[in-house]
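The structure file final-v4.pdb is reproduced below (PDB, C-alpha atoms and all ligand atoms).
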ATOM      1  CA  MET Z   1      88.327 -49.712  21.473  1.00  0.00           C
ATOM      2  CA  LYS Z   2      85.973 -50.704  24.256  1.00  0.00           C
ATOM      3  CA  ILE Z   3      86.595 -53.779  26.377  1.00  0.00           C
ATOM      4  CA  LYS Z   4      83.771 -56.206  25.572  1.00  0.00           C
ATOM      5  CA  ILE Z   5      82.279 -58.660  28.068  1.00  0.00           C
ATOM      6  CA  LEU Z   6      79.702 -61.375  27.365  1.00  0.00           C
ATOM      7  CA  MET Z   7      77.579 -63.027  30.092  1.00  0.00           C
ATOM      8  CA  VAL Z   8      76.249 -66.482  29.176  1.00  0.00           C
ATOM      9  CA  CYS Z   9      73.557 -68.781  30.611  1.00  0.00           C
ATOM     10  CA  LEU Z  10      71.234 -71.396  29.126  1.00  0.00           C
ATOM     11  CA  GLY Z  11      68.149 -69.420  28.120  1.00  0.00           C
ATOM     12  CA  ASN Z  12      69.398 -65.796  28.298  1.00  0.00           C
ATOM     13  CA  ILE Z  13      66.221 -64.835  30.125  1.00  0.00           C
ATOM     14  CA  CYS Z  14      67.046 -65.292  33.851  1.00  0.00           C
ATOM     15  CA  ARG Z  15      70.697 -65.183  34.968  1.00  0.00           C
ATOM     16  CA  SER Z  16      72.780 -63.626  32.183  1.00  0.00           C
ATOM     17  CA  PRO Z  17      70.385 -60.677  31.609  1.00  0.00           C
ATOM     18  CA  LEU Z  18      70.824 -59.868  35.320  1.00  0.00           C
ATOM     19  CA  ALA Z  19      74.602 -60.291  35.057  1.00  0.00           C
ATOM     20  CA  GLU Z  20      74.640 -57.965  32.036  1.00  0.00           C
ATOM     21  CA  GLY Z  21      72.540 -55.292  33.750  1.00  0.00           C
ATOM     22  CA  ILE Z  22      74.433 -55.466  37.040  1.00  0.00           C
ATOM     23  CA  LEU Z  23      77.936 -55.334  35.523  1.00  0.00           C
ATOM     24  CA  ALA Z  24      76.995 -52.577  33.071  1.00  0.00           C
ATOM     25  CA  SER Z  25      75.717 -50.495  36.016  1.00  0.00           C
ATOM     26  CA  LYS Z  26      79.189 -50.679  37.616  1.00  0.00           C
ATOM     27  CA  LEU Z  27      81.264 -49.777  34.527  1.00  0.00           C
ATOM     28  CA  ASN Z  28      81.864 -46.667  32.438  1.00  0.00           C
ATOM     29  CA  PRO Z  29      79.886 -47.169  29.187  1.00  0.00           C
ATOM     30  CA  ASP Z  30      82.473 -45.131  27.283  1.00  0.00           C
ATOM     31  CA  ARG Z  31      85.081 -47.786  28.011  1.00  0.00           C
ATOM     32  CA  PHE Z  32      83.111 -51.030  28.317  1.00  0.00           C
ATOM     33  CA  LEU Z  33      80.439 -52.925  26.407  1.00  0.00           C
ATOM     34  CA  VAL Z  34      78.502 -55.618  28.300  1.00  0.00           C
ATOM     35  CA  ASN Z  35      76.167 -58.051  26.557  1.00  0.00           C
ATOM     36  CA  SER Z  36      74.586 -61.453  27.259  1.00  0.00           C
ATOM     37  CA  CYS Z  37      73.381 -64.539  25.435  1.00  0.00           C
ATOM     38  CA  GLY Z  38      72.271 -68.130  25.967  1.00  0.00           C
ATOM     39  CA  THR Z  39      73.784 -71.402  24.843  1.00  0.00           C
ATOM     40  CA  SER Z  40      70.308 -72.597  23.775  1.00  0.00           C
ATOM     41  CA  SER Z  41      67.918 -71.292  21.135  1.00  0.00           C
ATOM     42  CA  TYR Z  42      64.877 -71.748  23.440  1.00  0.00           C
ATOM     43  CA  HIS Z  43      64.042 -68.088  24.024  1.00  0.00           C
ATOM     44  CA  ILE Z  44      65.609 -66.169  21.113  1.00  0.00           C
ATOM     45  CA  GLY Z  45      64.022 -62.736  20.743  1.00  0.00           C
ATOM     46  CA  GLU Z  46      62.242 -62.809  24.112  1.00  0.00           C
ATOM     47  CA  ASN Z  47      62.470 -60.265  26.920  1.00  0.00           C
ATOM     48  CA  PRO Z  48      64.065 -61.339  30.193  1.00  0.00           C
ATOM     49  CA  ASP Z  49      61.891 -63.419  32.530  1.00  0.00           C
ATOM     50  CA  ARG Z  50      59.414 -61.226  34.449  1.00  0.00           C
ATOM     51  CA  ARG Z  51      61.037 -62.284  37.730  1.00  0.00           C
ATOM     52  CA  SER Z  52      64.487 -61.100  36.558  1.00  0.00           C
ATOM     53  CA  ILE Z  53      62.985 -57.805  35.390  1.00  0.00           C
ATOM     54  CA  GLU Z  54      61.325 -57.334  38.804  1.00  0.00           C
ATOM     55  CA  ILE Z  55      64.388 -58.104  40.927  1.00  0.00           C
ATOM     56  CA  ALA Z  56      66.580 -55.826  38.780  1.00  0.00           C
ATOM     57  CA  LYS Z  57      63.993 -53.035  39.092  1.00  0.00           C
ATOM     58  CA  LYS Z  58      63.963 -53.479  42.879  1.00  0.00           C
ATOM     59  CA  TYR Z  59      67.684 -52.629  42.880  1.00  0.00           C
ATOM     60  CA  GLY Z  60      67.358 -49.756  40.393  1.00  0.00           C
ATOM     61  CA  ILE Z  61      68.437 -51.542  37.205  1.00  0.00           C
ATOM     62  CA  ASP Z  62      66.317 -51.584  34.038  1.00  0.00           C
ATOM     63  CA  ILE Z  63      66.789 -54.696  31.890  1.00  0.00           C
ATOM     64  CA  THR Z  64      63.527 -54.433  29.929  1.00  0.00           C
ATOM     65  CA  ASN Z  65      65.259 -53.466  26.678  1.00  0.00           C
ATOM     66  CA  GLN Z  66      67.195 -56.759  26.492  1.00  0.00           C
ATOM     67  CA  ARG Z  67      66.270 -59.474  23.963  1.00  0.00           C
ATOM     68  CA  ALA Z  68      67.493 -63.064  24.200  1.00  0.00           C
ATOM     69  CA  ALA Z  69      70.118 -64.232  21.714  1.00  0.00           C
ATOM     70  CA  GLN Z  70      72.043 -67.465  21.215  1.00  0.00           C
ATOM     71  CA  PHE Z  71      75.828 -67.731  21.513  1.00  0.00           C
ATOM     72  CA  LYS Z  72      77.594 -67.747  18.135  1.00  0.00           C
ATOM     73  CA  ILE Z  73      81.143 -68.856  17.267  1.00  0.00           C
ATOM     74  CA  SER Z  74      81.803 -65.319  15.983  1.00  0.00           C
ATOM     75  CA  ASP Z  75      81.265 -64.066  19.562  1.00  0.00           C
ATOM     76  CA  PHE Z  76      84.780 -65.352  20.258  1.00  0.00           C
ATOM     77  CA  ASP Z  77      86.031 -62.692  17.800  1.00  0.00           C
ATOM     78  CA  ILE Z  78      83.945 -59.887  19.313  1.00  0.00           C
ATOM     79  CA  TYR Z  79      84.315 -60.354  23.073  1.00  0.00           C
ATOM     80  CA  ASP Z  80      87.407 -60.086  25.275  1.00  0.00           C
ATOM     81  CA  PHE Z  81      85.871 -61.912  28.250  1.00  0.00           C
ATOM     82  CA  ILE Z  82      83.144 -64.556  28.206  1.00  0.00           C
ATOM     83  CA  TYR Z  83      81.505 -65.470  31.522  1.00  0.00           C
ATOM     84  CA  PRO Z  84      79.303 -68.579  31.727  1.00  0.00           C
ATOM     85  CA  MET Z  85      76.994 -68.754  34.765  1.00  0.00           C
ATOM     86  CA  ASP Z  86      77.460 -72.486  35.405  1.00  0.00           C
ATOM     87  CA  SER Z  87      79.649 -75.442  34.489  1.00  0.00           C
ATOM     88  CA  SER Z  88      77.184 -76.750  31.922  1.00  0.00           C
ATOM     89  CA  ASN Z  89      77.217 -73.388  30.082  1.00  0.00           C
ATOM     90  CA  TYR Z  90      81.016 -73.413  30.450  1.00  0.00           C
ATOM     91  CA  ASP Z  91      81.337 -76.846  28.846  1.00  0.00           C
ATOM     92  CA  ASP Z  92      79.007 -75.903  25.985  1.00  0.00           C
ATOM     93  CA  ILE Z  93      81.045 -72.779  25.179  1.00  0.00           C
ATOM     94  CA  ILE Z  94      84.416 -74.525  25.496  1.00  0.00           C
ATOM     95  CA  LYS Z  95      83.223 -77.196  23.042  1.00  0.00           C
ATOM     96  CA  LEU Z  96      82.709 -74.432  20.466  1.00  0.00           C
ATOM     97  CA  ALA Z  97      86.159 -72.880  20.998  1.00  0.00           C
ATOM     98  CA  ARG Z  98      88.351 -73.058  17.890  1.00  0.00           C
ATOM     99  CA  ASN Z  99      91.707 -72.608  19.605  1.00  0.00           C
ATOM    100  CA  ASP Z 100      93.452 -71.761  22.877  1.00  0.00           C
ATOM    101  CA  ASP Z 101      92.863 -68.030  22.415  1.00  0.00           C
ATOM    102  CA  ASP Z 102      89.100 -68.671  22.349  1.00  0.00           C
ATOM    103  CA  LYS Z 103      89.339 -70.926  25.433  1.00  0.00           C
ATOM    104  CA  LYS Z 104      91.350 -68.358  27.407  1.00  0.00           C
ATOM    105  CA  LYS Z 105      88.477 -65.880  27.165  1.00  0.00           C
ATOM    106  CA  VAL Z 106      86.065 -68.209  28.990  1.00  0.00           C
ATOM    107  CA  LYS Z 107      85.842 -68.214  32.784  1.00  0.00           C
ATOM    108  CA  LEU Z 108      83.087 -69.151  35.241  1.00  0.00           C
ATOM    109  CA  ILE Z 109      81.635 -65.902  36.591  1.00  0.00           C
ATOM    110  CA  LEU Z 110      81.786 -66.998  40.241  1.00  0.00           C
ATOM    111  CA  ASN Z 111      85.512 -67.718  39.947  1.00  0.00           C
ATOM    112  CA  GLU Z 112      85.876 -63.908  39.991  1.00  0.00           C
ATOM    113  CA  LEU Z 113      84.496 -64.044  43.537  1.00  0.00           C
ATOM    114  CA  GLN Z 114      86.034 -67.323  44.716  1.00  0.00           C
ATOM    115  CA  PRO Z 115      88.958 -68.207  42.450  1.00  0.00           C
ATOM    116  CA  ASP Z 116      89.116 -71.864  41.367  1.00  0.00           C
ATOM    117  CA  ALA Z 117      86.076 -72.842  43.473  1.00  0.00           C
ATOM    118  CA  ASP Z 118      84.157 -73.586  40.241  1.00  0.00           C
ATOM    119  CA  LEU Z 119      80.802 -72.654  41.777  1.00  0.00           C
ATOM    120  CA  ASP Z 120      77.607 -72.350  39.705  1.00  0.00           C
ATOM    121  CA  VAL Z 121      75.095 -69.519  39.738  1.00  0.00           C
ATOM    122  CA  PRO Z 122      71.986 -71.612  40.532  1.00  0.00           C
ATOM    123  CA  ASP Z 123      69.373 -71.774  37.759  1.00  0.00           C
ATOM    124  CA  PRO Z 124      66.287 -70.019  39.203  1.00  0.00           C
ATOM    125  CA  TYR Z 125      63.958 -70.757  36.257  1.00  0.00           C
ATOM    126  CA  TYR Z 126      61.893 -73.526  37.852  1.00  0.00           C
ATOM    127  CA  GLY Z 127      61.883 -72.055  41.364  1.00  0.00           C
ATOM    128  CA  GLY Z 128      60.214 -69.106  43.056  1.00  0.00           C
ATOM    129  CA  GLU Z 129      60.994 -65.430  43.496  1.00  0.00           C
ATOM    130  CA  GLN Z 130      63.451 -66.173  46.331  1.00  0.00           C
ATOM    131  CA  GLY Z 131      65.787 -67.845  43.851  1.00  0.00           C
ATOM    132  CA  PHE Z 132      65.969 -64.644  41.834  1.00  0.00           C
ATOM    133  CA  GLU Z 133      66.826 -62.613  44.939  1.00  0.00           C
ATOM    134  CA  GLU Z 134      69.625 -65.087  45.708  1.00  0.00           C
ATOM    135  CA  VAL Z 135      70.930 -64.965  42.121  1.00  0.00           C
ATOM    136  CA  TYR Z 136      70.871 -61.164  42.173  1.00  0.00           C
ATOM    137  CA  LYS Z 137      72.922 -60.992  45.361  1.00  0.00           C
ATOM    138  CA  ILE Z 138      75.534 -63.490  44.184  1.00  0.00           C
ATOM    139  CA  LEU Z 139      75.899 -61.756  40.819  1.00  0.00           C
ATOM    140  CA  ASP Z 140      76.137 -58.337  42.462  1.00  0.00           C
ATOM    141  CA  LYS Z 141      79.102 -59.525  44.547  1.00  0.00           C
ATOM    142  CA  ALA Z 142      80.806 -61.239  41.602  1.00  0.00           C
ATOM    143  CA  CYS Z 143      80.321 -58.163  39.394  1.00  0.00           C
ATOM    144  CA  ASP Z 144      81.780 -55.922  42.130  1.00  0.00           C
ATOM    145  CA  CYS Z 145      84.959 -58.030  42.070  1.00  0.00           C
ATOM    146  CA  LEU Z 146      85.009 -58.079  38.289  1.00  0.00           C
ATOM    147  CA  ALA Z 147      84.415 -54.320  37.932  1.00  0.00           C
ATOM    148  CA  GLN Z 148      87.287 -53.591  40.332  1.00  0.00           C
ATOM    149  CA  LYS Z 149      89.597 -55.884  38.383  1.00  0.00           C
ATOM    150  CA  LEU Z 150      88.665 -54.421  34.993  1.00  0.00           C
TER     151      LEU Z 150
HETATM  152  P1  LIG Z 201      68.631 -68.990  32.361  1.00  0.00           P
HETATM  153  O1  LIG Z 201      67.401 -69.841  32.926  1.00  0.00           O
HETATM  154  O2  LIG Z 201      69.556 -69.974  31.695  1.00  0.00           O
HETATM  155  O3  LIG Z 201      69.214 -68.379  33.587  1.00  0.00           O
HETATM  156  O4  LIG Z 201      68.043 -67.978  31.390  1.00  0.00           O
HETATM  157  C1  LIG Z 201      66.668 -70.730  32.130  1.00  0.00           C
HETATM  158  C2  LIG Z 201      65.724 -70.243  31.251  1.00  0.00           C
HETATM  159  C3  LIG Z 201      64.976 -71.112  30.492  1.00  0.00           C
HETATM  160  C4  LIG Z 201      65.194 -72.472  30.591  1.00  0.00           C
HETATM  161  C5  LIG Z 201      66.145 -72.960  31.471  1.00  0.00           C
HETATM  162  C6  LIG Z 201      66.899 -72.082  32.238  1.00  0.00           C
HETATM  163  N1  LIG Z 201      64.421 -73.372  29.823  1.00  0.00           N
HETATM  164  O5  LIG Z 201      64.594 -74.595  29.967  1.00  0.00           O
HETATM  165  O6  LIG Z 201      63.605 -72.920  29.001  1.00  0.00           O
END

Would you mind giving the structure from this file in structure tokens?
Amino acid sequence: MKIKILMVCLGNICRSPLAEGILASKLNPDRFLVNSCGTSSYHIGENPDRRSIEIAKKYGIDITNQRAAQFKISDFDIYDFIYPMDSSNYDDIIKLARNDDDKKKVKLILNELQPDADLDVPDPYYGGEQGFEEVYKILDKACDCLAQKL
């Protein structure tokens, strides 16, 4: 059985598609499955934001085959680890948890880099390209820590 990891943001078009692509690039696909979704329904079925596609491509990662999906309660049954990008995503997922086992799977992604600091991956959607570069670099560091731990 593969270890399954789910990256979560609001729209599933900017941050979590990058987190999915970056972490997957650091793990053995025979042993791990990495996926992503959003807490909202805003962009279901869409490709990642063009700016996320471009920054991933710059670092050699192809995320063009991803399609946005919304988090479902049944994801608690599928995934071993669920990583929200920010505290708002965290709260939305925790509200849907049915029990302590569900809750234990949920952890802010940047707490893998700085334990208990409760830092957010900034939402780059309304900003410029620079925000996407910043998000990429933060997620790359966090996914390095996570990949070593897994
Ligand atoms: P994401 O960014 O949560 O990193 O995918 C956003 C994408 C879309 C929206 C907000 C954030 N939106 O409001 O549509």

Run through the PyMOL selection byres (((chain Z and resi 35) around 7) and not hetatm) on the given coordinates and return the selected residues as a count of residues only.
7

On this file, the PyMOL selection byres (((not hetatm)) within 6 of (chain Z and resi 201)) gives some set of residues; write that set as a PyMOL selection string.
chain Z and resi 9-15+42+123+125

Straight-line distance linking CA of Ile82 (chain Z) with CA of Gly127 (chain Z), stated in Å to one decimal:
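These two atoms are separated by 26.1 Å.
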
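Here, the PyMOL selection byres (((chain Z and resi 47) around 12) and not hetatm) matches Gly11, Asn12, Ile13, Cys14, Pro17, Leu18, Cys37, His43, Ile44, Gly45, Glu46, Pro48, Asp49, Arg50, Arg51, Ser52, Ile53, Asp62, Ile63, Thr64, Asn65, Gln66, Arg67, Ala68 and Ala69 of chain Z.
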
Shell of 7 Å around Ile22 (chain Z), all atoms listed in the file, local chain residues under 3 positions omitted, as a PyMOL selection string:
chain Z and resi 18-19+25-26+140+143

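With all atoms listed in the file as the basis for measurement, Z:Lys105 is the residue among Z:Lys105, Z:Lys4, Z:Lys72, Z:Arg98 that approaches Pro84 (chain Z) most closely.
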
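Between CA of Ser41 (chain Z) and CA of Leu96 (chain Z) the separation is 15.1 Å.
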
Counting all atoms listed in the file, what is within 12 Å of Asp91 (chain Z), bar same-chain residues fewer than 5 positions away, as a list of chain:residue names?
Z:Val8, Z:Cys9, Z:Leu10, Z:Thr39, Z:Tyr83, Z:Pro84, Z:Met85, Z:Asp86, Z:Leu96, Z:Ala97, Z:Lys103, Z:Val106, Z:Lys107, Z:Leu108

Pairwise distance, CA of Ile61 (chain Z) with CA of Ile93 (chain Z), equals 27.5 Å

Residue among Z:Ala56, Z:Ile94, Z:Ile138, Z:Leu146 lying closest to Val121 (chain Z), counting all atoms listed in the file:
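The answer is Z:Ile138, which sits nearest to Val121 (chain Z).
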
Considering only C-alpha atoms, state which residue in the set Z:Glu129, Z:Glu112, Z:Glu134, Z:Asp120 is at the smallest distance from Lys149 (chain Z).
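Result for the nearest residue to Lys149 (chain Z): Z:Glu112.
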
Can you tell me which residues surround Phe32 (chain Z) at a distance of at most 9 Å, considering only C-alpha atoms, apart from same-chain residues fewer than 5 positions away, and format the answer as a PyMOL selection string?
chain Z and resi 1-5+24+27

Output C-alpha atoms for every residue in the selection just made, as a compact mmCIF listing (two decimals), in the frame of the given file.
# COMPACT_ATOMS: atom_id res chain seq x y z
CA MET Z 1 88.33 -49.71 21.47
CA LYS Z 2 85.97 -50.70 24.26
CA ILE Z 3 86.60 -53.78 26.38
CA LYS Z 4 83.77 -56.21 25.57
CA ILE Z 5 82.28 -58.66 28.07
CA ALA Z 24 77.00 -52.58 33.07
CA LEU Z 27 81.26 -49.78 34.53

Grab all the atoms of region 110-128 of chain Z that the file lists, wrap them in a box along x, y and z, add 4 Å per side, and give me centre plus edge lengths in Å (one decimal) as JSON.
{"center_x": 74.7, "center_y": -68.7, "center_z": 40.5, "size_x": 36.9, "size_y": 17.7, "size_z": 16.5}

Can you patch up region 19-53 of chain Z, filling it in to N, CA and C atoms, and show the result as a PDB file, in the frame of the given file?
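Here's the written file out33.pdb:
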ATOM      1  N   ALA Z  19      73.153 -60.515  35.026  1.00  0.00           N
ATOM      2  CA  ALA Z  19      74.602 -60.291  35.057  1.00  0.00           C
ATOM      3  C   ALA Z  19      74.983 -59.122  34.145  1.00  0.00           C
ATOM      4  N   GLU Z  20      74.375 -59.073  32.974  1.00  0.00           N
ATOM      5  CA  GLU Z  20      74.640 -57.965  32.036  1.00  0.00           C
ATOM      6  C   GLU Z  20      74.256 -56.624  32.663  1.00  0.00           C
ATOM      7  N   GLY Z  21      73.033 -56.553  33.185  1.00  0.00           N
ATOM      8  CA  GLY Z  21      72.540 -55.292  33.750  1.00  0.00           C
ATOM      9  C   GLY Z  21      73.351 -54.845  34.953  1.00  0.00           C
ATOM     10  N   ILE Z  22      73.694 -55.798  35.812  1.00  0.00           N
ATOM     11  CA  ILE Z  22      74.433 -55.466  37.040  1.00  0.00           C
ATOM     12  C   ILE Z  22      75.849 -54.987  36.694  1.00  0.00           C
ATOM     13  N   LEU Z  23      76.556 -55.738  35.848  1.00  0.00           N
ATOM     14  CA  LEU Z  23      77.936 -55.334  35.523  1.00  0.00           C
ATOM     15  C   LEU Z  23      77.949 -53.993  34.786  1.00  0.00           C
ATOM     16  N   ALA Z  24      77.034 -53.835  33.832  1.00  0.00           N
ATOM     17  CA  ALA Z  24      76.995 -52.577  33.071  1.00  0.00           C
ATOM     18  C   ALA Z  24      76.788 -51.382  34.005  1.00  0.00           C
ATOM     19  N   SER Z  25      76.002 -51.597  35.079  1.00  0.00           N
ATOM     20  CA  SER Z  25      75.717 -50.495  36.016  1.00  0.00           C
ATOM     21  C   SER Z  25      76.959 -50.085  36.809  1.00  0.00           C
ATOM     22  N   LYS Z  26      77.979 -50.941  36.831  1.00  0.00           N
ATOM     23  CA  LYS Z  26      79.189 -50.679  37.616  1.00  0.00           C
ATOM     24  C   LYS Z  26      80.361 -50.184  36.753  1.00  0.00           C
ATOM     25  N   LEU Z  27      80.162 -50.131  35.439  1.00  0.00           N
ATOM     26  CA  LEU Z  27      81.264 -49.777  34.527  1.00  0.00           C
ATOM     27  C   LEU Z  27      80.942 -48.521  33.731  1.00  0.00           C
ATOM     28  N   ASN Z  28      82.004 -47.844  33.282  1.00  0.00           N
ATOM     29  CA  ASN Z  28      81.864 -46.667  32.438  1.00  0.00           C
ATOM     30  C   ASN Z  28      81.503 -47.106  31.014  1.00  0.00           C
ATOM     31  N   PRO Z  29      80.317 -46.720  30.519  1.00  0.00           N
ATOM     32  CA  PRO Z  29      79.886 -47.169  29.187  1.00  0.00           C
ATOM     33  C   PRO Z  29      80.756 -46.652  28.054  1.00  0.00           C
ATOM     34  N   ASP Z  30      81.564 -45.614  28.326  1.00  0.00           N
ATOM     35  CA  ASP Z  30      82.473 -45.131  27.283  1.00  0.00           C
ATOM     36  C   ASP Z  30      83.642 -46.096  27.070  1.00  0.00           C
ATOM     37  N   ARG Z  31      83.909 -46.895  28.081  1.00  0.00           N
ATOM     38  CA  ARG Z  31      85.081 -47.786  28.011  1.00  0.00           C
ATOM     39  C   ARG Z  31      84.730 -49.265  27.900  1.00  0.00           C
ATOM     40  N   PHE Z  32      83.475 -49.609  28.281  1.00  0.00           N
ATOM     41  CA  PHE Z  32      83.111 -51.030  28.317  1.00  0.00           C
ATOM     42  C   PHE Z  32      81.776 -51.287  27.610  1.00  0.00           C
ATOM     43  N   LEU Z  33      81.701 -52.449  26.963  1.00  0.00           N
ATOM     44  CA  LEU Z  33      80.439 -52.925  26.407  1.00  0.00           C
ATOM     45  C   LEU Z  33      80.112 -54.256  27.089  1.00  0.00           C
ATOM     46  N   VAL Z  34      78.913 -54.368  27.652  1.00  0.00           N
ATOM     47  CA  VAL Z  34      78.502 -55.618  28.300  1.00  0.00           C
ATOM     48  C   VAL Z  34      77.271 -56.144  27.572  1.00  0.00           C
ATOM     49  N   ASN Z  35      77.303 -57.442  27.253  1.00  0.00           N
ATOM     50  CA  ASN Z  35      76.167 -58.051  26.557  1.00  0.00           C
ATOM     51  C   ASN Z  35      75.915 -59.426  27.183  1.00  0.00           C
ATOM     52  N   SER Z  36      74.848 -60.104  26.749  1.00  0.00           N
ATOM     53  CA  SER Z  36      74.586 -61.453  27.259  1.00  0.00           C
ATOM     54  C   SER Z  36      73.942 -62.299  26.179  1.00  0.00           C
ATOM     55  N   CYS Z  37      74.018 -63.610  26.374  1.00  0.00           N
ATOM     56  CA  CYS Z  37      73.381 -64.539  25.435  1.00  0.00           C
ATOM     57  C   CYS Z  37      73.168 -65.860  26.139  1.00  0.00           C
ATOM     58  N   GLY Z  38      72.500 -66.792  25.435  1.00  0.00           N
ATOM     59  CA  GLY Z  38      72.271 -68.130  25.967  1.00  0.00           C
ATOM     60  C   GLY Z  38      72.957 -69.163  25.095  1.00  0.00           C
ATOM     61  N   THR Z  39      73.232 -70.335  25.668  1.00  0.00           N
ATOM     62  CA  THR Z  39      73.784 -71.402  24.843  1.00  0.00           C
ATOM     63  C   THR Z  39      72.680 -72.073  24.020  1.00  0.00           C
ATOM     64  N   SER Z  40      71.433 -71.968  24.478  1.00  0.00           N
ATOM     65  CA  SER Z  40      70.308 -72.597  23.775  1.00  0.00           C
ATOM     66  C   SER Z  40      69.594 -71.597  22.874  1.00  0.00           C
ATOM     67  N   SER Z  41      68.737 -72.138  22.019  1.00  0.00           N
ATOM     68  CA  SER Z  41      67.918 -71.292  21.135  1.00  0.00           C
ATOM     69  C   SER Z  41      66.502 -71.118  21.694  1.00  0.00           C
ATOM     70  N   TYR Z  42      66.252 -71.648  22.910  1.00  0.00           N
ATOM     71  CA  TYR Z  42      64.877 -71.748  23.440  1.00  0.00           C
ATOM     72  C   TYR Z  42      64.111 -70.428  23.439  1.00  0.00           C
ATOM     73  N   HIS Z  43      64.783 -69.346  23.758  1.00  0.00           N
ATOM     74  CA  HIS Z  43      64.042 -68.088  24.024  1.00  0.00           C
ATOM     75  C   HIS Z  43      64.487 -66.928  23.146  1.00  0.00           C
ATOM     76  N   ILE Z  44      65.094 -67.233  21.993  1.00  0.00           N
ATOM     77  CA  ILE Z  44      65.609 -66.169  21.113  1.00  0.00           C
ATOM     78  C   ILE Z  44      64.534 -65.102  20.856  1.00  0.00           C
ATOM     79  N   GLY Z  45      64.926 -63.849  21.023  1.00  0.00           N
ATOM     80  CA  GLY Z  45      64.022 -62.736  20.743  1.00  0.00           C
ATOM     81  C   GLY Z  45      63.140 -62.317  21.904  1.00  0.00           C
ATOM     82  N   GLU Z  46      63.115 -63.128  22.970  1.00  0.00           N
ATOM     83  CA  GLU Z  46      62.242 -62.809  24.112  1.00  0.00           C
ATOM     84  C   GLU Z  46      62.885 -61.800  25.057  1.00  0.00           C
ATOM     85  N   ASN Z  47      62.020 -61.110  25.809  1.00  0.00           N
ATOM     86  CA  ASN Z  47      62.470 -60.265  26.920  1.00  0.00           C
ATOM     87  C   ASN Z  47      62.960 -61.157  28.049  1.00  0.00           C
ATOM     88  N   PRO Z  48      63.726 -60.570  28.988  1.00  0.00           N
ATOM     89  CA  PRO Z  48      64.065 -61.339  30.193  1.00  0.00           C
ATOM     90  C   PRO Z  48      62.805 -61.818  30.917  1.00  0.00           C
ATOM     91  N   ASP Z  49      62.955 -62.894  31.683  1.00  0.00           N
ATOM     92  CA  ASP Z  49      61.891 -63.419  32.530  1.00  0.00           C
ATOM     93  C   ASP Z  49      61.359 -62.291  33.431  1.00  0.00           C
ATOM     94  N   ARG Z  50      60.054 -62.269  33.625  1.00  0.00           N
ATOM     95  CA  ARG Z  50      59.414 -61.226  34.449  1.00  0.00           C
ATOM     96  C   ARG Z  50      60.056 -61.129  35.826  1.00  0.00           C
ATOM     97  N   ARG Z  51      60.457 -62.283  36.378  1.00  0.00           N
ATOM     98  CA  ARG Z  51      61.037 -62.284  37.730  1.00  0.00           C
ATOM     99  C   ARG Z  51      62.430 -61.645  37.748  1.00  0.00           C
ATOM    100  N   SER Z  52      63.183 -61.789  36.652  1.00  0.00           N
ATOM    101  CA  SER Z  52      64.487 -61.100  36.558  1.00  0.00           C
ATOM    102  C   SER Z  52      64.274 -59.602  36.394  1.00  0.00           C
ATOM    103  N   ILE Z  53      63.289 -59.229  35.576  1.00  0.00           N
ATOM    104  CA  ILE Z  53      62.985 -57.805  35.390  1.00  0.00           C
ATOM    105  C   ILE Z  53      62.624 -57.169  36.736  1.00  0.00           C
TER     106      ILE Z  53
END
